[in-house]
file upload-v2.cif (mmCIF, C-alpha atoms)
data_data
loop_
_atom_site.label_atom_id
_atom_site.label_comp_id
_atom_site.auth_asym_id
_atom_site.auth_seq_id
_atom_site.Cartn_x
_atom_site.Cartn_y
_atom_site.Cartn_z
CA MET R 1 -7.67 154.07 74.83
CA ALA R 2 -9.19 151.09 76.68
CA ARG R 3 -12.33 151.87 78.62
CA GLN R 4 -10.80 150.86 81.95
CA ALA R 5 -7.69 152.98 81.39
CA GLU R 6 -9.94 155.85 80.39
CA PHE R 7 -11.91 155.57 83.62
CA GLU R 8 -8.70 155.40 85.65
CA GLU R 9 -7.48 158.57 84.00
CA PHE R 10 -10.83 160.24 84.69
CA THR R 11 -10.73 158.98 88.30
CA SER R 12 -7.39 160.61 88.83
CA PHE R 13 -8.77 163.86 87.37
CA VAL R 14 -11.74 163.70 89.76
CA LEU R 15 -9.60 162.96 92.80
CA GLY R 16 -7.29 165.83 91.96
CA SER R 17 -10.01 168.40 91.35
CA GLN R 18 -13.02 167.38 93.45
CA ALA R 19 -12.21 169.66 96.40
CA ARG R 20 -12.06 172.73 94.14
CA MET R 21 -15.18 171.72 92.21
CA ILE R 22 -17.22 171.09 95.36
CA ARG R 23 -16.10 174.44 96.77
CA LEU R 24 -16.97 176.17 93.48
CA ALA R 25 -20.42 174.55 93.58
CA GLU R 26 -20.83 175.56 97.22
CA LEU R 27 -19.99 179.17 96.44
CA LEU R 28 -22.53 179.11 93.61
CA THR R 29 -25.36 177.45 95.54
CA GLY R 30 -24.66 178.37 99.17
CA ASP R 31 -25.72 174.83 100.08
CA ARG R 32 -23.28 172.08 101.11
CA GLY R 33 -25.42 169.12 100.10
CA ARG R 34 -26.49 170.65 96.83
CA ALA R 35 -22.83 171.49 96.10
CA GLU R 36 -21.83 167.83 96.14
CA ASP R 37 -24.73 166.90 93.86
CA LEU R 38 -23.81 169.71 91.50
CA ALA R 39 -20.14 168.72 91.42
CA GLN R 40 -21.14 165.13 90.67
CA GLU R 41 -23.35 166.29 87.84
CA GLY R 42 -20.48 168.38 86.46
CA PHE R 43 -18.10 165.42 86.60
CA ALA R 44 -20.69 163.10 85.01
CA ARG R 45 -21.22 165.49 82.10
CA THR R 46 -17.45 165.77 81.73
CA PHE R 47 -17.02 161.99 81.66
CA VAL R 48 -19.55 161.77 78.82
CA VAL R 49 -17.18 163.80 76.62
CA TRP R 50 -13.94 162.69 78.30
CA ARG R 51 -12.27 161.56 75.07
CA ARG R 52 -12.83 164.98 73.58
CA VAL R 53 -11.78 167.10 76.55
CA ARG R 54 -9.08 165.00 78.25
CA SER R 55 -6.26 166.42 76.18
CA GLY R 56 -7.48 170.00 76.55
CA ASP R 57 -8.69 171.58 79.77
CA PRO R 58 -11.13 169.14 81.38
CA ALA R 59 -11.30 171.25 84.55
CA ALA R 60 -12.60 174.21 82.54
CA TYR R 61 -15.22 171.96 80.96
CA ALA R 62 -16.29 170.59 84.35
CA ARG R 63 -16.52 174.11 85.77
CA ARG R 64 -18.72 175.17 82.89
CA CYS R 65 -20.96 172.14 83.42
CA ILE R 66 -21.30 172.96 87.12
CA ILE R 67 -22.16 176.59 86.43
CA ASN R 68 -24.70 175.65 83.75
CA ALA R 69 -26.27 172.93 85.89
CA ASN R 70 -26.60 175.42 88.73
CA THR R 71 -28.27 177.94 86.43
CA ASP R 72 -30.76 175.31 85.24
CA TRP R 73 -31.49 174.30 88.80
CA ARG R 74 -32.00 177.89 89.97
CA ARG R 75 -34.31 178.59 87.07
CA ARG R 76 -36.39 175.51 87.75
CA ARG R 77 -37.00 176.28 91.38
CA SER R 78 -36.83 180.06 91.14
CA TRP R 79 -40.28 180.69 92.50
CA TYR R 80 -40.54 177.92 94.98
CA GLU R 81 -37.66 178.75 97.27
CA GLN R 82 -34.86 181.23 97.83
CA PRO R 83 -31.17 180.42 98.40
CA ARG R 84 -30.44 179.85 102.06
CA PRO R 85 -27.20 178.52 103.45
CA ASP R 86 -27.74 175.38 105.52
CA ALA R 87 -27.33 175.56 109.24
CA PRO R 88 -24.72 173.07 110.49
CA ASP R 89 -26.20 169.82 111.80
CA GLY R 90 -25.58 168.77 115.42
CA PRO R 91 -22.65 169.52 117.73
CA ALA R 92 -19.16 169.99 116.30
CA SER R 93 -15.60 170.28 117.62
CA ALA R 94 -14.12 173.77 118.16
CA ASP R 95 -12.13 173.66 114.90
CA VAL R 96 -15.05 172.37 112.91
CA ALA R 97 -17.36 174.88 114.57
CA ALA R 98 -14.99 177.73 113.66
CA ALA R 99 -14.72 176.50 110.08
CA LEU R 100 -18.49 176.19 109.81
CA ALA R 101 -18.95 179.66 111.30
CA GLU R 102 -16.58 181.15 108.74
CA GLN R 103 -18.28 179.25 105.94
CA ASP R 104 -21.64 180.47 107.19
CA VAL R 105 -20.54 184.11 107.09
CA VAL R 106 -19.21 183.78 103.55
CA LEU R 107 -22.22 181.89 102.21
CA ARG R 108 -24.69 184.28 103.83
CA ALA R 109 -22.88 187.20 102.22
CA LEU R 110 -22.81 185.48 98.81
CA ALA R 111 -26.51 184.61 99.06
CA LYS R 112 -27.29 188.30 98.70
CA LEU R 113 -25.61 188.42 95.28
CA THR R 114 -27.05 187.36 91.93
CA GLY R 115 -26.09 184.03 90.41
CA ARG R 116 -23.78 185.64 87.91
CA GLU R 117 -22.10 187.76 90.56
CA ARG R 118 -21.45 184.65 92.66
CA ALA R 119 -20.07 182.77 89.68
CA VAL R 120 -17.77 185.61 88.68
CA LEU R 121 -16.46 186.09 92.23
CA ALA R 122 -15.86 182.36 92.69
CA LEU R 123 -13.93 182.10 89.43
CA ARG R 124 -11.97 185.29 90.09
CA PHE R 125 -11.17 185.07 93.79
CA TYR R 126 -11.35 181.36 94.56
CA LEU R 127 -9.95 179.87 91.35
CA ASP R 128 -7.83 182.92 90.47
CA LEU R 129 -8.92 182.99 86.83
CA SER R 130 -8.27 186.10 84.79
CA GLU R 131 -11.09 188.30 83.51
CA ILE R 132 -10.47 186.99 80.00
CA GLN R 133 -10.68 183.37 81.18
CA ILE R 134 -13.88 184.09 83.11
CA ALA R 135 -15.41 185.81 80.10
CA ASP R 136 -14.56 182.78 78.02
CA GLU R 137 -15.98 180.32 80.55
CA LEU R 138 -19.22 182.19 81.15
CA GLY R 139 -19.73 183.25 77.53
CA ILE R 140 -19.89 186.95 78.40
CA ALA R 141 -17.77 189.96 77.48
CA ALA R 142 -14.63 190.75 79.50
CA GLY R 143 -16.09 194.18 80.23
CA THR R 144 -19.16 192.51 81.70
CA VAL R 145 -16.90 190.41 83.94
CA LYS R 146 -15.15 193.54 85.13
CA SER R 147 -18.38 195.41 85.88
CA THR R 148 -19.93 192.35 87.54
CA VAL R 149 -16.89 191.92 89.80
CA ALA R 150 -17.00 195.61 90.71
CA ARG R 151 -20.72 195.48 91.48
CA ALA R 152 -20.40 192.30 93.55
CA LEU R 153 -17.46 193.68 95.55
CA ALA R 154 -19.33 196.90 96.18
CA LYS R 155 -22.31 194.91 97.50
CA LEU R 156 -20.07 192.87 99.79
CA ARG R 157 -18.30 195.96 101.11
CA ALA R 158 -21.66 197.55 101.83
CA ASP R 159 -22.96 194.43 103.54
CA ALA R 160 -23.80 195.52 107.08
CA ASP R 161 -23.77 191.95 108.42
CA LEU R 162 -20.29 191.41 107.05
CA ARG R 163 -19.05 194.63 108.61
CA SER R 164 -20.42 193.62 112.00
CA GLU R 165 -18.63 190.22 111.68
CA ALA R 166 -15.37 192.04 110.97
CA THR R 167 -15.56 194.02 114.19
CA TRP R 168 -15.32 190.87 116.33
CA MET Z 169 -13.23 185.72 110.82
CA SER Z 170 -14.05 185.69 107.17
CA LEU Z 171 -12.37 188.86 105.98
CA SER Z 172 -9.56 188.19 103.57
CA ARG Z 173 -6.29 189.89 104.10
CA GLY Z 174 -4.27 191.49 101.33
CA ARG Z 175 -6.80 190.55 98.67
CA GLU Z 176 -9.38 192.62 96.90
CA CYS Z 177 -12.35 190.47 97.87
CA PRO Z 178 -13.87 191.38 101.24
CA VAL Z 179 -14.63 187.72 102.05
CA ASN Z 180 -12.26 184.78 102.04
CA LEU Z 181 -13.67 182.31 99.54
CA ASP Z 182 -10.86 179.89 100.39
CA TYR Z 183 -12.19 179.33 103.90
CA PRO Z 184 -11.12 176.11 105.67
CA GLU Z 185 -13.14 172.95 105.05
CA ALA Z 186 -15.16 171.73 108.01
CA GLY Z 187 -14.51 168.14 106.96
CA PHE Z 188 -13.37 165.93 104.10
CA ARG Z 189 -15.82 165.85 101.24
CA SER Z 190 -15.75 163.81 98.09
CA VAL Z 191 -17.91 162.90 95.14
CA ASP Z 192 -19.09 159.34 94.46
CA LEU Z 193 -17.33 157.94 91.40
CA GLY Z 194 -19.83 155.09 91.06
CA SER Z 195 -22.73 157.53 90.88
CA ILE Z 196 -20.82 159.67 88.38
CA ARG Z 197 -20.36 156.66 86.14
CA VAL Z 198 -24.04 155.71 86.37
CA ARG Z 199 -25.16 159.29 85.72
CA SER Z 200 -22.85 159.63 82.71
CA ARG Z 201 -24.35 156.45 81.22
CA GLN Z 202 -27.79 157.95 81.78
CA ILE Z 203 -26.77 161.16 79.98
CA ARG Z 204 -25.32 159.17 77.08
CA ARG Z 205 -28.50 157.12 76.78
CA ARG Z 206 -30.65 160.24 76.85
CA ARG Z 207 -28.53 161.89 74.19
CA ALA Z 208 -28.74 158.84 71.97
CA ALA Z 209 -32.48 158.68 72.53
CA GLY Z 210 -32.69 162.39 71.79
CA HIS Z 211 -30.97 161.92 68.45
CA ALA Z 212 -33.37 159.12 67.56
CA ALA Z 213 -36.37 161.17 68.65
CA ALA Z 214 -35.19 164.23 66.78
CA VAL Z 215 -34.85 162.29 63.58
CA LEU Z 216 -38.33 160.86 63.98
CA VAL Z 217 -40.05 164.09 64.90
CA VAL Z 218 -38.76 165.80 61.78
CA GLY Z 219 -41.89 164.24 60.31
CA ALA Z 220 -43.93 166.05 62.91
CA ALA Z 221 -42.55 169.36 61.66
CA VAL Z 222 -43.58 168.54 58.13
CA VAL Z 223 -47.09 167.60 59.26
CA GLY Z 224 -47.24 170.71 61.41
CA ALA Z 225 -46.10 172.92 58.58
CA LEU Z 226 -48.60 171.35 56.19
CA THR Z 227 -51.55 171.56 58.54
CA GLY Z 228 -50.43 174.82 60.15
CA ALA Z 229 -52.12 173.55 63.28
CA ARG Z 230 -50.52 174.02 66.66
CA GLY Z 231 -51.72 171.57 69.20
CA TYR Z 232 -52.08 168.95 66.50
CA THR Z 233 -51.50 165.58 68.13
CA LEU Z 234 -49.22 163.17 66.37
CA GLY Z 235 -49.70 159.48 67.04
CA TRP Z 236 -46.16 158.23 66.70
CA PHE Z 237 -46.26 155.72 69.50
CA PRO Z 238 -48.61 152.83 70.11
CA PRO Z 239 -50.56 153.25 73.36
CA PRO Z 240 -48.56 151.72 76.21
CA ALA Z 241 -49.22 148.07 76.87
CA ALA Z 242 -49.48 146.65 80.35
CA GLY Z 243 -46.05 145.02 80.05
CA PRO Z 244 -42.65 146.70 79.85
CA PRO Z 245 -41.80 148.50 76.60
CA ALA Z 246 -38.78 146.23 76.07
CA GLY Z 247 -41.14 143.65 74.58
CA ARG Z 248 -41.82 145.74 71.46
CA PRO Z 249 -39.90 145.36 68.22
CA ALA Z 250 -36.55 147.14 68.20
CA VAL Z 251 -36.98 150.37 66.22
CA PRO Z 252 -34.87 153.49 66.85
CA ILE Z 253 -37.57 155.34 68.78
CA ASP Z 254 -37.84 152.50 71.25
CA ALA Z 255 -34.77 153.87 73.00
CA LEU Z 256 -36.87 156.89 73.90
CA VAL Z 257 -40.08 154.96 74.47
CA ALA Z 258 -38.30 152.56 76.76
CA SER Z 259 -36.99 155.29 79.02
CA ASP Z 260 -39.90 157.74 79.02
CA PRO Z 261 -42.94 156.44 77.12
CA PRO Z 262 -45.80 158.83 76.28
CA ALA Z 263 -48.81 158.01 78.44
CA ASP Z 264 -51.18 157.79 75.50
CA GLY Z 265 -48.68 157.06 72.77
CA GLN Z 266 -48.87 160.58 71.37
CA LEU Z 267 -46.68 163.60 70.82
CA THR Z 268 -48.36 167.00 70.76
CA LEU Z 269 -47.08 169.70 68.47
CA ILE Z 270 -46.54 172.84 70.56
CA SER Z 271 -44.90 175.30 68.21
CA THR Z 272 -43.46 175.66 64.73
CA TRP Z 273 -42.02 179.12 65.34
CA PRO Z 274 -39.53 180.61 64.58
CA ARG Z 275 -39.05 179.32 61.09
CA HIS Z 276 -37.21 175.98 61.06
CA TRP Z 277 -37.88 175.29 64.75
CA THR Z 278 -40.40 172.84 66.11
CA THR Z 279 -41.35 171.92 69.67
CA VAL Z 280 -43.28 168.82 70.68
CA ALA Z 281 -44.35 167.66 74.16
CA TRP Z 282 -45.76 164.55 75.74
CA ALA Z 283 -46.67 163.25 79.16
CA THR Z 284 -45.16 160.05 80.52
CA ARG Z 285 -47.01 157.31 82.33
CA GLY Z 286 -45.31 158.50 85.52
CA GLY Z 287 -47.01 161.89 85.21
CA ALA Z 288 -43.92 163.86 84.10
CA VAL Z 289 -44.01 166.10 81.03
CA CYS Z 290 -41.28 165.86 78.38
CA LEU Z 291 -40.28 168.28 75.68
CA ALA Z 292 -38.21 168.23 72.51
CA THR Z 293 -37.28 171.26 70.42
CA TYR Z 294 -35.39 170.74 67.21
CA ARG Z 295 -34.39 172.37 64.00
CA THR Z 296 -35.70 171.34 60.61
CA PRO Z 297 -33.88 170.44 58.52
CA MET Z 298 -31.47 169.06 61.09
CA ARG Z 299 -28.16 170.86 61.19
CA GLY Z 300 -25.51 168.92 63.02
CA GLY Z 301 -28.15 167.26 65.17
CA THR Z 302 -29.06 170.49 66.96
CA PHE Z 303 -31.95 169.89 69.30
CA ASP Z 304 -33.03 170.20 72.88
CA PHE Z 305 -34.37 167.06 74.50
CA ASN Z 306 -35.71 167.22 78.04
CA CYS Z 307 -37.35 164.17 79.53
CA PRO Z 308 -38.59 164.68 82.09
CA ALA Z 309 -38.67 168.43 81.63
CA TRP Z 310 -41.08 168.75 84.57
CA SER Z 311 -41.69 166.24 87.31
CA PRO Z 312 -45.27 165.37 88.33
CA ALA Z 313 -44.90 167.80 91.26
CA ASP Z 314 -44.26 170.63 88.79
CA VAL Z 315 -47.41 169.95 86.76
CA PRO Z 316 -49.96 172.68 87.51
CA GLY Z 317 -53.43 171.61 88.51
CA GLU Z 318 -56.65 173.48 88.84
CA GLY Z 319 -55.65 175.26 92.05
CA ALA Z 320 -53.86 178.51 92.69
CA ARG Z 321 -50.47 177.29 91.47
CA GLY Z 322 -51.31 177.52 87.81
CA LEU Z 323 -47.83 177.85 86.32
CA SER Z 324 -44.75 175.62 86.47
CA PRO Z 325 -41.15 176.79 86.69
CA LEU Z 326 -39.88 178.08 83.35
CA LEU Z 327 -37.37 175.82 81.68
CA PRO Z 328 -34.78 177.59 79.55
CA GLY Z 329 -33.41 176.23 76.30
CA ILE Z 330 -30.50 177.64 74.34
CA PHE Z 331 -30.24 177.73 70.57
CA PRO Z 332 -27.36 179.96 69.62
CA ASP Z 333 -28.10 179.77 65.91
CA ALA Z 334 -31.75 180.87 66.15
CA ALA Z 335 -31.92 184.36 64.64
CA GLY Z 336 -28.19 184.86 65.09
CA GLY Z 337 -28.29 183.75 68.69
CA ARG Z 338 -30.78 186.46 69.70
CA LEU Z 339 -33.79 184.13 70.13
CA VAL Z 340 -33.98 181.68 73.02
CA PRO Z 341 -36.90 179.45 74.01
CA GLU Z 342 -38.44 179.47 77.48
CA ASN Z 343 -40.72 176.53 78.07
CA GLY Z 344 -43.43 176.23 80.68
CA LEU Z 345 -46.55 174.48 81.88
CA ALA Z 346 -49.82 176.18 82.68
CA THR Z 347 -53.18 175.22 84.06
CA PRO Z 348 -55.39 173.66 81.36
CA ARG Z 349 -57.71 176.67 81.76
CA ALA Z 350 -55.01 178.93 80.27
CA ASP Z 351 -55.14 179.90 76.61
CA ARG Z 352 -52.16 182.25 76.44
CA VAL Z 353 -49.17 183.11 78.63
CA THR Z 354 -47.24 186.36 78.73
CA VAL Z 355 -43.73 186.48 80.18
CA THR Z 356 -42.04 189.76 81.06
CA PHE Z 357 -38.32 189.76 80.33
CA LEU Z 358 -36.23 192.91 80.86
CA GLY Z 359 -39.43 194.95 80.86
CA LYS Z 360 -40.74 193.54 77.56
CA ASP Z 361 -43.67 191.16 77.18
CA PHE Z 362 -43.39 187.96 75.16
CA SER Z 363 -46.48 185.84 74.55
CA ALA Z 364 -47.22 182.29 73.54
CA LYS Z 365 -50.28 180.17 72.92
CA VAL Z 366 -50.89 177.44 75.52
CA ILE Z 367 -51.43 174.02 73.97
CA PRO Z 368 -53.26 171.24 75.85
CA VAL Z 369 -51.24 168.04 76.23
CA PRO Z 370 -53.07 164.89 77.38
CA LEU Z 371 -52.08 163.40 80.73
CA GLN Z 372 -53.05 159.98 81.92
CA GLY Z 373 -56.61 159.64 83.22
CA GLY Z 374 -58.23 162.01 80.72
CA LYS Z 375 -56.74 165.19 82.19
CA THR Z 376 -54.67 167.72 80.27
CA VAL Z 377 -51.92 170.22 81.04
CA GLY Z 378 -51.11 173.36 79.09
CA VAL Z 379 -47.65 173.55 77.51
CA PHE Z 380 -46.13 176.64 75.93
CA VAL Z 381 -42.86 177.82 74.48
CA VAL Z 382 -42.13 181.54 74.57
CA TRP Z 383 -39.32 182.73 72.32
CA ILE Z 384 -37.45 185.53 74.04
CA ARG Z 385 -35.56 188.00 71.91
CA LEU Z 386 -32.33 188.98 73.66
CA PRO Z 387 -31.40 192.63 73.27
CA PRO Z 388 -28.13 193.40 71.43
CA GLY Z 389 -25.10 193.13 73.70
CA LEU Z 390 -26.73 190.70 76.13
CA ASN Z 391 -24.83 187.43 75.86
CA SER Z 392 -26.42 185.57 78.72
CA TYR Z 393 -29.40 185.95 80.97
CA GLY Z 394 -30.76 184.67 84.25
CA SER Z 395 -33.93 184.26 86.24
CA SER Z 396 -33.54 187.72 87.79
CA GLN Z 397 -34.30 189.25 84.40
CA PHE Z 398 -37.79 187.72 84.34
CA THR Z 399 -40.17 189.90 86.29
CA GLY Z 400 -43.56 188.39 85.66
CA GLU Z 401 -45.58 185.59 84.10
CA ILE Z 402 -49.33 185.71 83.57
CA ALA Z 403 -51.68 183.07 82.16
CA TYR Z 404 -54.91 184.23 80.52
CA SER Z 405 -58.14 182.35 79.80
CA PRO Z 406 -59.63 182.37 76.26
CA GLY Z 407 -61.77 185.31 77.43
CA GLY Z 408 -58.72 187.32 78.50
CA ARG Z 409 -59.20 186.76 82.22
CA ILE Z 410 -56.09 186.13 84.37
CA VAL Z 411 -56.12 182.51 85.54
CA ALA Z 412 -52.62 182.29 87.03
CA ARG Z 413 -49.82 184.66 87.80
CA HIS Z 414 -46.25 184.61 89.08
CA GLY Z 415 -44.12 187.52 90.09
CA PRO Z 416 -42.79 190.03 90.49
CA TRP Z 417 -39.71 188.01 91.31
CA PRO Z 418 -36.55 189.18 93.03
#
call {"tool": "encode", "arguments": {"input": "upload-v2.cif", "output": "structure tokens"}}
result
Amino acid sequence: MARQAEFEEFTSFVLGSQARMIRLAELLTGDRGRAEDLAQEGFARTFVVWRRVRSGDPAAYARRCIINANTDWRRRRSWYEQPRPDAPDGPASADVAAALAEQDVVLRALAKLTGRERAVLALRFYLDLSEIQIADELGIAAGTVKSTVARALAKLRADADLRSEATW
Amino acid sequence: MSLSRGRECPVNLDYPEAGFRSVDLGSIRVRSRQIRRRRAAGHAAAVLVVGAAVVGALTGARGYTLGWFPPPAAGPPAGRPAVPIDALVASDPPADGQLTLISTWPRHWTTVAWATRGGAVCLATYRTPMRGGTFDFNCPAWSPADVPGEGARGLSPLLPGIFPDAAGGRLVPENGLATPRADRVTVTFLGKDFSAKVIPVPLQGGKTVGVFVVWIRLPPGLNSYGSSQFTGEIAYSPGGRIVARHGPWP
């Protein structure tokens, strides 16, 4: 396949999946800016092996790259800072403000979970992957996925801040 | 608000976007070229440093410095003759032209480190003999800001490496930097202590930084791990005094 045609095929893959990948990265990091960087890194790593993965499931490969890159990043800065969702910058329209407020609630709740719990929830409830698929993508046992989901959901249900948001 | 309806998850992860967001295809292309170059350089470096393993095994000396590279000239490295290692030298040249042997444990695994002229510290871990080109090449592994000095911040972030075939996938390396005053570092992982000797690596300007690789043994049944499972890291002086400490971490 010619290099230009290959890049066009990859471009179309990126355009079709970037929204989901950025959201996945955002759910993992809790940080909008970092999410875009992480998604770019995932796509770049995928492009490196594009010939190998294009006929299979390139989205799964990109997801794995994003999750791994996030783990590396968290490990590197683990004792310099803690995850904190960004506050929105400047004034926003009512719709945008509502969307940002909702995003803020979700990201603040997720920030209280461990990295693995966030990853498992994002794959299960945002991307609708099965427990078997998640186990395969994260390299852990299906039983571990199940218990991690249960633990993460229990933490979210017990989250007092989340309960107070729900009473609005 | 954010509560999902009719789904098991208490929060709606599919919340509306506050605005259109996209990745930059140009940057992706540039970054992928960078990754390819690094991988190619890593292969070249790994082949070359196999010799380092042999020397290390023969001398049995950790911290032995191997002079593979000529000291950097004032001009750009592109002016040197084209040999395979130049791909690595050109991108991240050692400040003093030397690799330092950090570890030859476990059997068949070797780790070398070097400091770049920019003040970053690089690391390569590889298997000897090479099996399918398995190695871990990180350059820079730590930026100049991560390099510990003489002050209170005497330890860098740990940098994980994954080698699934080391001891049946149960051994994984954790790399780190320590103040040059440190002689040994102990890392606590899942309640167990793992220790490693700290090896001085020369930086530019006559200074040194301590580099170590701790091999963590994963307990049976644990297929992955994260930072939350590390609960402490302590650097000791040759006399056994604590010179730096991190943790406990959340």
call {"tool": "resolve_selection", "arguments": {"input": "upload-v2.cif", "expression": "the PyMOL selection byres ((chain Z and resi 361) around 10)", "output": "number ranges by chain"}}
result
Z: 353-360, 362-363, 384, 398-401
call {"tool": "interface_residues", "arguments": {"input": "upload-v2.cif", "of": "chain R", "to": "chain Z", "cutoff": "6 Å", "atoms": "only C-alpha atoms", "output": "number ranges by chain"}}
result
R: 40, 44, 48, 75-76, 96, 99-100, 102, 126, 140
call {"tool": "resolve_selection", "arguments": {"input": "upload-v2.cif", "expression": "the PyMOL selection byres ((chain Z and resi 367) around 9)", "output": "compact mmCIF listing (two decimals) with C-alpha atoms, in the coordinates of the input"}}
result
# COMPACT_ATOMS: atom_id res chain seq x y z
CA ARG Z 230 -50.52 174.02 66.66
CA GLY Z 231 -51.72 171.57 69.20
CA THR Z 268 -48.36 167.00 70.76
CA LEU Z 269 -47.08 169.70 68.47
CA ILE Z 270 -46.54 172.84 70.56
CA SER Z 271 -44.90 175.30 68.21
CA PRO Z 348 -55.39 173.66 81.36
CA ALA Z 350 -55.01 178.93 80.27
CA ASP Z 351 -55.14 179.90 76.61
CA ARG Z 352 -52.16 182.25 76.44
CA LYS Z 365 -50.28 180.17 72.92
CA VAL Z 366 -50.89 177.44 75.52
CA PRO Z 368 -53.26 171.24 75.85
CA VAL Z 369 -51.24 168.04 76.23
CA VAL Z 377 -51.92 170.22 81.04
CA GLY Z 378 -51.11 173.36 79.09
CA VAL Z 379 -47.65 173.55 77.51
CA PHE Z 380 -46.13 176.64 75.93
call {"tool": "atom_distance", "arguments": {"input": "upload-v2.cif", "atom1": "atom CA of Asn343 of chain Z", "atom2": "atom CA of Leu371 of chain Z"}}
result
17.6 Å
call {"tool": "residues_around", "arguments": {"input": "upload-v2.cif", "residues": "Pro262 of chain Z", "least_positions_apart": "3", "cutoff": "7 Å", "atoms": "all atoms listed in the file", "output": "JSON, numbers by chain"}}
result
{"Z": [265, 266, 282, 283, 284, 285]}
